[in-house]
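Listing of structure_36.cif, mmCIF, C-alpha atoms and all ligand atoms; chains and numbers go by the auth columns
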```cif
data_coords
#
loop_
_atom_site.group_PDB
_atom_site.id
_atom_site.type_symbol
_atom_site.label_atom_id
_atom_site.label_comp_id
_atom_site.label_asym_id
_atom_site.label_seq_id
_atom_site.Cartn_x
_atom_site.Cartn_y
_atom_site.Cartn_z
_atom_site.B_iso_or_equiv
_atom_site.auth_seq_id
_atom_site.auth_asym_id
ATOM 1 C CA MET A 1 113.112 41.622 -23.052 0.00 1 A
ATOM 2 C CA ASN A 2 112.594 38.441 -21.086 0.00 2 A
ATOM 3 C CA ILE A 3 115.842 37.768 -19.219 0.00 3 A
ATOM 4 C CA SER A 4 116.128 34.578 -17.184 0.00 4 A
ATOM 5 C CA HIS A 5 119.887 34.067 -16.651 0.00 5 A
ATOM 6 C CA HIS A 6 121.855 36.603 -14.573 0.00 6 A
ATOM 7 C CA PHE A 7 125.329 37.043 -13.023 0.00 7 A
ATOM 8 C CA ASP A 8 126.582 35.367 -9.855 0.00 8 A
ATOM 9 C CA ASP A 9 126.817 37.639 -6.791 0.00 9 A
ATOM 10 C CA ALA A 10 130.613 37.274 -6.920 0.00 10 A
ATOM 11 C CA THR A 11 130.720 38.712 -10.453 0.00 11 A
ATOM 12 C CA LEU A 12 128.571 41.711 -9.550 0.00 12 A
ATOM 13 C CA MET A 13 130.674 42.343 -6.427 0.00 13 A
ATOM 14 C CA ALA A 14 133.883 42.243 -8.473 0.00 14 A
ATOM 15 C CA TYR A 15 132.258 44.648 -10.947 0.00 15 A
ATOM 16 C CA SER A 16 131.273 47.044 -8.146 0.00 16 A
ATOM 17 C CA ALA A 17 134.787 46.826 -6.697 0.00 17 A
ATOM 18 C CA GLY A 18 136.278 47.653 -10.114 0.00 18 A
ATOM 19 C CA SER A 19 138.348 44.465 -10.107 0.00 19 A
ATOM 20 C CA LEU A 20 137.067 42.835 -13.323 0.00 20 A
ATOM 21 C CA PRO A 21 139.243 42.878 -16.463 0.00 21 A
ATOM 22 C CA GLN A 22 138.147 45.499 -19.000 0.00 22 A
ATOM 23 C CA GLY A 23 136.259 43.090 -21.263 0.00 23 A
ATOM 24 C CA MET A 24 134.288 41.504 -18.427 0.00 24 A
ATOM 25 C CA ALA A 25 133.412 44.951 -17.057 0.00 25 A
ATOM 26 C CA LEU A 26 132.151 45.910 -20.513 0.00 26 A
ATOM 27 C CA LEU A 27 130.032 42.765 -20.688 0.00 27 A
ATOM 28 C CA VAL A 28 128.530 43.398 -17.238 0.00 28 A
ATOM 29 C CA ALA A 29 127.769 47.006 -18.249 0.00 29 A
ATOM 30 C CA CYS A 30 125.991 45.714 -21.376 0.00 30 A
ATOM 31 C CA HIS A 31 123.814 43.311 -19.391 0.00 31 A
ATOM 32 C CA LEU A 32 123.037 46.020 -16.816 0.00 32 A
ATOM 33 C CA HIS A 33 121.928 48.233 -19.688 0.00 33 A
ATOM 34 C CA TRP A 34 119.199 45.690 -20.408 0.00 34 A
ATOM 35 C CA CYS A 35 118.543 44.172 -16.972 0.00 35 A
ATOM 36 C CA GLU A 36 116.782 46.148 -14.265 0.00 36 A
ATOM 37 C CA HIS A 37 117.028 43.191 -11.860 0.00 37 A
ATOM 38 C CA CYS A 38 120.839 43.220 -11.949 0.00 38 A
ATOM 39 C CA ARG A 39 120.980 47.038 -11.803 0.00 39 A
ATOM 40 C CA GLU A 40 119.099 46.826 -8.502 0.00 40 A
ATOM 41 C CA ARG A 41 121.491 44.117 -7.274 0.00 41 A
ATOM 42 C CA VAL A 42 124.494 46.338 -8.127 0.00 42 A
ATOM 43 C CA ASP A 43 122.909 49.276 -6.299 0.00 43 A
ATOM 44 C CA ALA A 44 122.416 47.037 -3.248 0.00 44 A
ATOM 45 C CA THR A 45 126.028 45.785 -3.471 0.00 45 A
ATOM 46 C CA ASN A 46 127.325 49.352 -3.688 0.00 46 A
ATOM 47 C CA ALA A 47 125.284 50.333 -0.626 0.00 47 A
ATOM 48 C CA VAL A 48 126.728 47.413 1.375 0.00 48 A
ATOM 49 C CA GLY A 49 130.261 48.229 0.148 0.00 49 A
ATOM 50 C CA GLY A 50 129.864 51.836 1.274 0.00 50 A
ATOM 51 C CA VAL A 51 128.819 50.754 4.785 0.00 51 A
ATOM 52 C CA LEU A 52 131.755 48.313 5.006 0.00 52 A
ATOM 53 C CA LEU A 53 134.226 51.022 3.964 0.00 53 A
ATOM 54 C CA ASP A 54 132.882 53.341 6.663 0.00 54 A
ATOM 55 C CA ASP A 55 133.506 50.611 9.243 0.00 55 A
ATOM 56 C CA ILE A 56 137.119 49.913 8.313 0.00 56 A
ATOM 57 C CA GLU A 57 139.631 50.971 10.979 0.00 57 A
ATOM 58 C CA PRO A 58 142.770 52.670 9.697 0.00 58 A
ATOM 59 C CA VAL A 59 145.786 50.344 9.852 0.00 59 A
ATOM 60 C CA SER A 60 149.466 51.176 9.894 0.00 60 A
ATOM 61 C CA LEU A 61 151.355 49.940 6.841 0.00 61 A
ATOM 62 C CA GLY A 62 154.716 48.187 6.996 0.00 62 A
ATOM 63 C CA GLU A 63 157.406 49.379 4.613 0.00 63 A
ATOM 64 C CA GLY A 64 156.752 46.534 2.145 0.00 64 A
ATOM 65 C CA ALA A 65 153.044 47.259 1.995 0.00 65 A
ATOM 66 C CA LEU A 66 153.712 50.945 1.474 0.00 66 A
ATOM 67 C CA ASN A 67 156.078 50.218 -1.420 0.00 67 A
ATOM 68 C CA ASP A 68 153.453 47.916 -2.959 0.00 68 A
ATOM 69 C CA LEU A 69 150.893 50.669 -2.672 0.00 69 A
ATOM 70 C CA LEU A 70 153.203 53.251 -4.247 0.00 70 A
ATOM 71 C CA ALA A 71 153.984 50.847 -7.096 0.00 71 A
ATOM 72 C CA ARG A 72 150.274 50.351 -7.708 0.00 72 A
ATOM 73 C CA LEU A 73 149.663 54.096 -7.762 0.00 73 A
ATOM 74 C CA ASP A 74 152.182 54.324 -10.627 0.00 74 A
ATOM 75 C CA GLU A 75 150.198 51.848 -12.726 0.00 75 A
ATOM 76 C CA PRO A 76 147.840 53.375 -15.280 0.00 76 A
ATOM 77 C CA GLU A 77 144.290 53.283 -14.065 0.00 77 A
ATOM 78 C CA GLN A 78 142.098 50.618 -15.569 0.00 78 A
ATOM 79 C CA GLU A 79 139.293 52.120 -17.563 0.00 79 A
ATOM 80 C CA LEU A 80 136.049 50.595 -16.497 0.00 80 A
ATOM 81 C CA ALA A 81 133.030 50.420 -18.681 0.00 81 A
ATOM 82 C CA LYS A 82 130.174 51.728 -16.562 0.00 82 A
ATOM 83 C CA PRO A 83 126.589 51.735 -17.701 0.00 83 A
ATOM 84 C CA VAL A 84 126.455 55.343 -18.823 0.00 84 A
ATOM 85 C CA SER A 85 123.128 55.303 -20.538 0.00 85 A
ATOM 86 C CA ARG A 86 119.896 53.468 -19.985 0.00 86 A
ATOM 87 C CA GLN A 87 118.315 54.438 -23.265 0.00 87 A
ATOM 88 C CA PRO A 88 116.849 51.551 -25.236 0.00 88 A
ATOM 89 C CA ALA A 89 118.051 50.813 -28.766 0.00 89 A
ATOM 90 C CA SER A 90 121.477 52.036 -29.788 0.00 90 A
ATOM 91 C CA ALA A 91 122.634 53.290 -33.157 0.00 91 A
ATOM 92 C CA ALA A 92 123.594 49.719 -33.974 0.00 92 A
ATOM 93 C CA GLY A 93 120.022 48.604 -33.375 0.00 93 A
ATOM 94 C CA GLN A 94 120.726 45.265 -31.759 0.00 94 A
ATOM 95 C CA LEU A 95 123.583 46.250 -29.483 0.00 95 A
ATOM 96 C CA PRO A 96 123.446 47.504 -25.903 0.00 96 A
ATOM 97 C CA ALA A 97 124.763 51.091 -25.697 0.00 97 A
ATOM 98 C CA PRO A 98 128.168 50.398 -24.032 0.00 98 A
ATOM 99 C CA LEU A 99 129.042 47.956 -26.831 0.00 99 A
ATOM 100 C CA ALA A 100 127.557 50.119 -29.603 0.00 100 A
ATOM 101 C CA ASP A 101 129.667 53.043 -28.363 0.00 101 A
ATOM 102 C CA LEU A 102 132.776 50.856 -28.490 0.00 102 A
ATOM 103 C CA VAL A 103 132.342 49.315 -31.952 0.00 103 A
ATOM 104 C CA GLY A 104 130.786 52.403 -33.525 0.00 104 A
ATOM 105 C CA CYS A 105 129.018 50.610 -36.389 0.00 105 A
ATOM 106 C CA ASP A 106 126.278 48.168 -37.190 0.00 106 A
ATOM 107 C CA ILE A 107 126.896 44.570 -36.182 0.00 107 A
ATOM 108 C CA ASP A 108 126.855 43.409 -39.826 0.00 108 A
ATOM 109 C CA GLU A 109 129.554 45.928 -40.756 0.00 109 A
ATOM 110 C CA LEU A 110 132.069 44.498 -38.274 0.00 110 A
ATOM 111 C CA PRO A 111 135.135 42.678 -39.706 0.00 111 A
ATOM 112 C CA TRP A 112 133.863 39.130 -39.011 0.00 112 A
ATOM 113 C CA LYS A 113 136.525 36.448 -39.463 0.00 113 A
ATOM 114 C CA ARG A 114 135.720 32.812 -40.111 0.00 114 A
ATOM 115 C CA LEU A 115 136.959 30.507 -37.362 0.00 115 A
ATOM 116 C CA GLY A 116 135.693 27.270 -38.776 0.00 116 A
ATOM 117 C CA TYR A 117 132.447 25.748 -39.953 0.00 117 A
ATOM 118 C CA GLY A 118 129.576 28.074 -39.069 0.00 118 A
ATOM 119 C CA VAL A 119 131.532 30.176 -36.571 0.00 119 A
ATOM 120 C CA ARG A 120 132.758 33.735 -37.077 0.00 120 A
ATOM 121 C CA GLN A 121 134.358 36.127 -34.619 0.00 121 A
ATOM 122 C CA VAL A 122 135.497 39.674 -34.048 0.00 122 A
ATOM 123 C CA ASP A 123 138.249 40.138 -31.490 0.00 123 A
ATOM 124 C CA LEU A 124 137.607 43.409 -29.658 0.00 124 A
ATOM 125 C CA ASP A 125 141.292 43.637 -28.695 0.00 125 A
ATOM 126 C CA LEU A 126 140.765 45.052 -25.235 0.00 126 A
ATOM 127 C CA ASP A 127 143.522 45.291 -22.627 0.00 127 A
ATOM 128 C CA GLY A 128 143.821 42.955 -19.692 0.00 128 A
ATOM 129 C CA PRO A 129 144.063 39.228 -19.091 0.00 129 A
ATOM 130 C CA GLY A 130 141.864 36.920 -21.181 0.00 130 A
ATOM 131 C CA ALA A 131 140.047 37.881 -24.353 0.00 131 A
ATOM 132 C CA THR A 132 136.916 39.752 -25.379 0.00 132 A
ATOM 133 C CA ARG A 133 135.243 38.774 -28.598 0.00 133 A
ATOM 134 C CA LEU A 134 131.998 38.684 -30.483 0.00 134 A
ATOM 135 C CA LEU A 135 131.059 35.245 -31.691 0.00 135 A
ATOM 136 C CA ARG A 136 128.519 34.630 -34.423 0.00 136 A
ATOM 137 C CA ILE A 137 127.376 31.013 -34.680 0.00 137 A
ATOM 138 C CA SER A 138 125.171 29.653 -37.461 0.00 138 A
ATOM 139 C CA PRO A 139 121.959 27.698 -36.808 0.00 139 A
ATOM 140 C CA GLY A 140 122.518 24.039 -35.914 0.00 140 A
ATOM 141 C CA VAL A 141 126.209 24.572 -35.172 0.00 141 A
ATOM 142 C CA SER A 142 127.648 23.649 -31.813 0.00 142 A
ATOM 143 C CA VAL A 143 130.862 25.007 -30.299 0.00 143 A
ATOM 144 C CA PRO A 144 133.243 22.170 -29.321 0.00 144 A
ATOM 145 C CA HIS A 145 133.182 20.885 -25.722 0.00 145 A
ATOM 146 C CA HIS A 146 135.383 23.025 -23.536 0.00 146 A
ATOM 147 C CA THR A 147 136.163 23.851 -19.929 0.00 147 A
ATOM 148 C CA HIS A 148 137.695 27.052 -18.657 0.00 148 A
ATOM 149 C CA THR A 149 140.966 27.622 -16.886 0.00 149 A
ATOM 150 C CA GLY A 150 139.429 30.841 -15.558 0.00 150 A
ATOM 151 C CA ASN A 151 136.037 32.483 -15.713 0.00 151 A
ATOM 152 C CA GLU A 152 133.950 33.047 -18.821 0.00 152 A
ATOM 153 C CA LEU A 153 131.078 35.482 -19.196 0.00 153 A
ATOM 154 C CA THR A 154 128.755 35.276 -22.192 0.00 154 A
ATOM 155 C CA LEU A 155 126.009 37.760 -23.093 0.00 155 A
ATOM 156 C CA ILE A 156 123.544 36.772 -25.809 0.00 156 A
ATOM 157 C CA LEU A 157 123.028 39.706 -28.186 0.00 157 A
ATOM 158 C CA SER A 158 120.698 37.923 -30.592 0.00 158 A
ATOM 159 C CA GLY A 159 119.456 34.440 -31.357 0.00 159 A
ATOM 160 C CA SER A 160 119.700 31.671 -28.758 0.00 160 A
ATOM 161 C CA TYR A 161 121.533 28.517 -27.746 0.00 161 A
ATOM 162 C CA ASN A 162 121.081 25.486 -25.555 0.00 162 A
ATOM 163 C CA ASP A 163 123.688 23.785 -23.415 0.00 163 A
ATOM 164 C CA GLU A 164 124.041 21.671 -20.277 0.00 164 A
ATOM 165 C CA VAL A 165 122.963 24.667 -18.154 0.00 165 A
ATOM 166 C CA GLY A 166 119.799 25.629 -20.048 0.00 166 A
ATOM 167 C CA ARG A 167 118.479 27.795 -22.850 0.00 167 A
ATOM 168 C CA PHE A 168 119.987 31.243 -23.357 0.00 168 A
ATOM 169 C CA CYS A 169 118.261 34.034 -25.324 0.00 169 A
ATOM 170 C CA ARG A 170 118.893 37.725 -26.053 0.00 170 A
ATOM 171 C CA GLY A 171 119.888 39.522 -22.840 0.00 171 A
ATOM 172 C CA ASP A 172 120.743 36.353 -20.885 0.00 172 A
ATOM 173 C CA VAL A 173 124.211 35.855 -19.431 0.00 173 A
ATOM 174 C CA ALA A 174 126.131 32.644 -18.774 0.00 174 A
ATOM 175 C CA ASP A 175 128.492 33.113 -15.828 0.00 175 A
ATOM 176 C CA LEU A 176 130.814 30.093 -15.835 0.00 176 A
ATOM 177 C CA ASP A 177 133.841 29.191 -13.771 0.00 177 A
ATOM 178 C CA GLY A 178 136.634 26.713 -14.458 0.00 178 A
ATOM 179 C CA GLU A 179 134.594 23.720 -13.233 0.00 179 A
ATOM 180 C CA MET A 180 131.971 23.934 -15.934 0.00 180 A
ATOM 181 C CA GLU A 181 132.236 21.922 -19.132 0.00 181 A
ATOM 182 C CA HIS A 182 129.733 22.805 -21.819 0.00 182 A
ATOM 183 C CA GLN A 183 128.902 22.596 -25.510 0.00 183 A
ATOM 184 C CA PRO A 184 126.505 25.319 -26.701 0.00 184 A
ATOM 185 C CA LEU A 185 124.251 24.456 -29.674 0.00 185 A
ATOM 186 C CA VAL A 186 122.414 27.142 -31.667 0.00 186 A
ATOM 187 C CA ASP A 187 118.805 25.961 -31.579 0.00 187 A
ATOM 188 C CA THR A 188 116.826 28.240 -33.913 0.00 188 A
ATOM 189 C CA ASP A 189 117.140 29.207 -37.590 0.00 189 A
ATOM 190 C CA GLU A 190 118.742 32.531 -36.616 0.00 190 A
ATOM 191 C CA ASP A 191 122.480 33.192 -36.054 0.00 191 A
ATOM 192 C CA CYS A 192 123.393 33.389 -32.377 0.00 192 A
ATOM 193 C CA ILE A 193 125.567 36.433 -31.689 0.00 193 A
ATOM 194 C CA CYS A 194 127.262 36.604 -28.297 0.00 194 A
ATOM 195 C CA LEU A 195 129.721 38.809 -26.500 0.00 195 A
ATOM 196 C CA ILE A 196 132.222 36.609 -24.644 0.00 196 A
ATOM 197 C CA ALA A 197 134.807 37.768 -22.120 0.00 197 A
ATOM 198 C CA THR A 198 137.288 35.489 -20.378 0.00 198 A
ATOM 199 C CA ASP A 199 140.045 36.110 -17.860 0.00 199 A
ATOM 200 C CA ALA A 200 142.069 33.115 -19.104 0.00 200 A
ATOM 201 C CA PRO A 201 142.161 30.977 -22.281 0.00 201 A
ATOM 202 C CA LEU A 202 139.556 28.261 -22.858 0.00 202 A
ATOM 203 C CA LYS A 203 140.569 24.604 -22.726 0.00 203 A
ATOM 204 C CA PHE A 204 138.933 22.267 -25.205 0.00 204 A
ATOM 205 C CA THR A 205 138.350 18.741 -23.964 0.00 205 A
ATOM 206 C CA GLY A 206 137.079 16.598 -26.851 0.00 206 A
ATOM 207 C CA LEU A 207 139.409 15.294 -29.557 0.00 207 A
ATOM 208 C CA PHE A 208 137.873 17.633 -32.152 0.00 208 A
ATOM 209 C CA GLY A 209 138.235 20.575 -29.814 0.00 209 A
ATOM 210 C CA ARG A 210 141.895 19.806 -29.144 0.00 210 A
ATOM 211 C CA LEU A 211 142.538 19.534 -32.874 0.00 211 A
ATOM 212 C CA VAL A 212 140.889 22.822 -33.769 0.00 212 A
ATOM 213 C CA GLN A 213 142.077 24.864 -30.784 0.00 213 A
ATOM 214 C CA PRO A 214 145.419 25.902 -32.339 0.00 214 A
ATOM 215 C CA PHE A 215 143.568 27.159 -35.408 0.00 215 A
ATOM 216 C CA ILE A 216 140.657 28.988 -33.872 0.00 216 A
ATOM 217 C CA GLY A 217 142.637 30.328 -30.905 0.00 217 A
ATOM 218 C CA LEU A 218 139.627 30.504 -28.606 0.00 218 A
HETATM 219 ZN ZN ZN B . 120.423 40.430 -14.888 0.00 301 A
#
```

Would you put the structure from the file into C-alpha cells?
Amino acid sequence: MNISHHFDDATLMAYSAGSLPQGMALLVACHLHWCEHCRERVDATNAVGGVLLDDIEPVSLGEGALNDLLARLDEPEQELAKPVSRQPASAAGQLPAPLADLVGCDIDELPWKRLGYGVRQVDLDLDGPGATRLLRISPGVSVPHHTHTGNELTLILSGSYNDEVGRFCRGDVADLDGEMEHQPLVDTDEDCICLIATDAPLKFTGLFGRLVQPFIGL
C-alpha cells in the first residue's frame, strides 16, 4: 500500500495519551494497522512520554483537585481501540483488522443508508463526543463544502478522492481541524469508502450544504 497522507503529531500524541474519543482512536488504530511509518512515530512518542513521566515531581493536591480526581476515578474507563493485530487482510477483505473486528461482516453486507444523491452511510454508533461513520460516495460525486467546529479524521478504505489538500487513496488519512474548509470529489470510477470520525458536528458553508444538513445530519 502506498500511503502518502499521515496524522499530525498532535493526533498521534493524543492517541498515545489515550485522550482521543473512541471513534478517533479506532480510526488511528486502523491507519496504524496499515502504516509502518506512523507505528514507528507512535513508538517514538510513547518512549518520549515514558521519559517525561519519569521526570515528573510529585505534587501535593489541594482538596478541590483531589475531589476532581476521585470523581474521575468513578467514571467508567474509556475503551480504547489499540492496534491488536498487524496481520494483513481481515475477514472483511478490504477492512483493517480493528474495524473488521468491530463490524463483523463484509463491507457490502453493512446496513448502508442513503443520505442523498450518490452518498450512503453507516453510523457506527460509538460512545463519546462527535460521530463515527462509514461513508460511501459514488464516482463523480462531491460532498458539499464544509468546515469543522472540531477536528475530523478521515481514513480512505477504498477508492480515492481529491480536495483542496490533495489526492487521497486507500490507507491515506486526512487530519483536519476547524480552520479547514474542503469539498472532496470522488475522482475515479470506483466508490470511495471512508471511515470518518469527528469530535464535533460538521458545519456546511455553501447554500446547498446548509439546505441539506438537516436531512443528512453529517
Ligand atoms: Zn501513517

The PyMOL selection byres (((not hetatm)) within 7 of (chain A and resi 301)) applied to the shown file, residues as an mmCIF file with C-alpha atoms, keeping the file's coordinate frame:
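Output saved as part04.cif:
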```
data_model
loop_
_atom_site.group_PDB
_atom_site.id
_atom_site.type_symbol
_atom_site.label_atom_id
_atom_site.label_comp_id
_atom_site.auth_asym_id
_atom_site.auth_seq_id
_atom_site.Cartn_x
_atom_site.Cartn_y
_atom_site.Cartn_z
ATOM 1 C CA ILE A 3 115.842 37.768 -19.219
ATOM 2 C CA HIS A 5 119.887 34.067 -16.651
ATOM 3 C CA HIS A 6 121.855 36.603 -14.573
ATOM 4 C CA PHE A 7 125.329 37.043 -13.023
ATOM 5 C CA HIS A 31 123.814 43.311 -19.391
ATOM 6 C CA LEU A 32 123.037 46.020 -16.816
ATOM 7 C CA CYS A 35 118.543 44.172 -16.972
ATOM 8 C CA GLU A 36 116.782 46.148 -14.265
ATOM 9 C CA HIS A 37 117.028 43.191 -11.860
ATOM 10 C CA CYS A 38 120.839 43.220 -11.949
#
```

Expansion of the PyMOL selection byres (((chain A and resi 103) around 12) and not hetatm) into residues, as a list in words: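 For this structure, the PyMOL selection byres (((chain A and resi 103) around 12) and not hetatm) resolves to Leu26, Ser90, Ala91, Ala92, Leu95, Pro96, Ala97, Pro98, Leu99, Ala100, Asp101, Leu102, Gly104, Cys105, Asp106, Ile107, Asp108, Glu109, Leu110, Pro111, Val122, Asp123, Leu124, Asp125, Leu126, Arg133 and Leu134 of chain A.
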
Have a look at atom CA of A:Val165 and atom CA of A:Ile137 and let me know their distance in Å, one decimal. 18.2 Å

A straight line from atom CA of A:Leu27 to atom CA of A:Gly118 spans 23.5 Å

Set the distance at 10 Å and use all atoms listed in the file: which residues neighbour A:Tyr117 once local chain neighbours fewer than 5 positions away are removed? I'd like the list as an NGL selection string. :A and (137-138 or 141-143)

Using the chain letters and numbers from the file, which residues does the PyMOL selection byres (((chain A and resi 152) around 7) and not hetatm) grab, as a PyMOL selection string? chain A and resi 150-151+153-154+175-177+197-199

Which value, in Å to one decimal, gives the distance between atom CA of A:Thr45 and atom CA of A:Gly166?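 It comes out at 26.8 Å.
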
Of the candidates A:Gly116, A:Ile156, A:Cys194, A:Tyr161, which one gets nearest to A:Arg136 if we count all atoms listed in the file?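 Among the listed residues, the smallest separation from A:Arg136 belongs to A:Cys194.
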
If I wrap all listed atoms of stretch 130-143 of chain A in a box with edges along x, y and z and add 5 Å on each side, what are its centre and edge lengths in Å to one decimal, as lines of an AutoDock Vina configuration file?
```
center_x = 131.9
center_y = 31.7
center_z = -29.3
size_x = 29.9
size_y = 26.1
size_z = 26.3
```

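The residue set within 12 Å of A:Arg167, counting all atoms listed in the file and dropping same-chain residues fewer than 4 places from it, reads Ile3, Ser4, His5, Ile156, Gly159, Ser160, Tyr161, Asn162, Asp163, Gly171, Asp172, Val173, Ala174, Gln183, Pro184, Leu185, Val186, Asp187 and Thr188 of chain A.
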
Closest of A:Leu12, A:Cys192, A:Cys169, A:Leu157 to A:Cys30, counting all atoms listed in the file, is A:Leu157

Using all atoms listed in the file, which residue out of A:Thr132, A:Asn46, A:Gln121, A:Ser16 lies closest to A:Leu155?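 For A:Leu155, the nearest of the given residues is A:Thr132.
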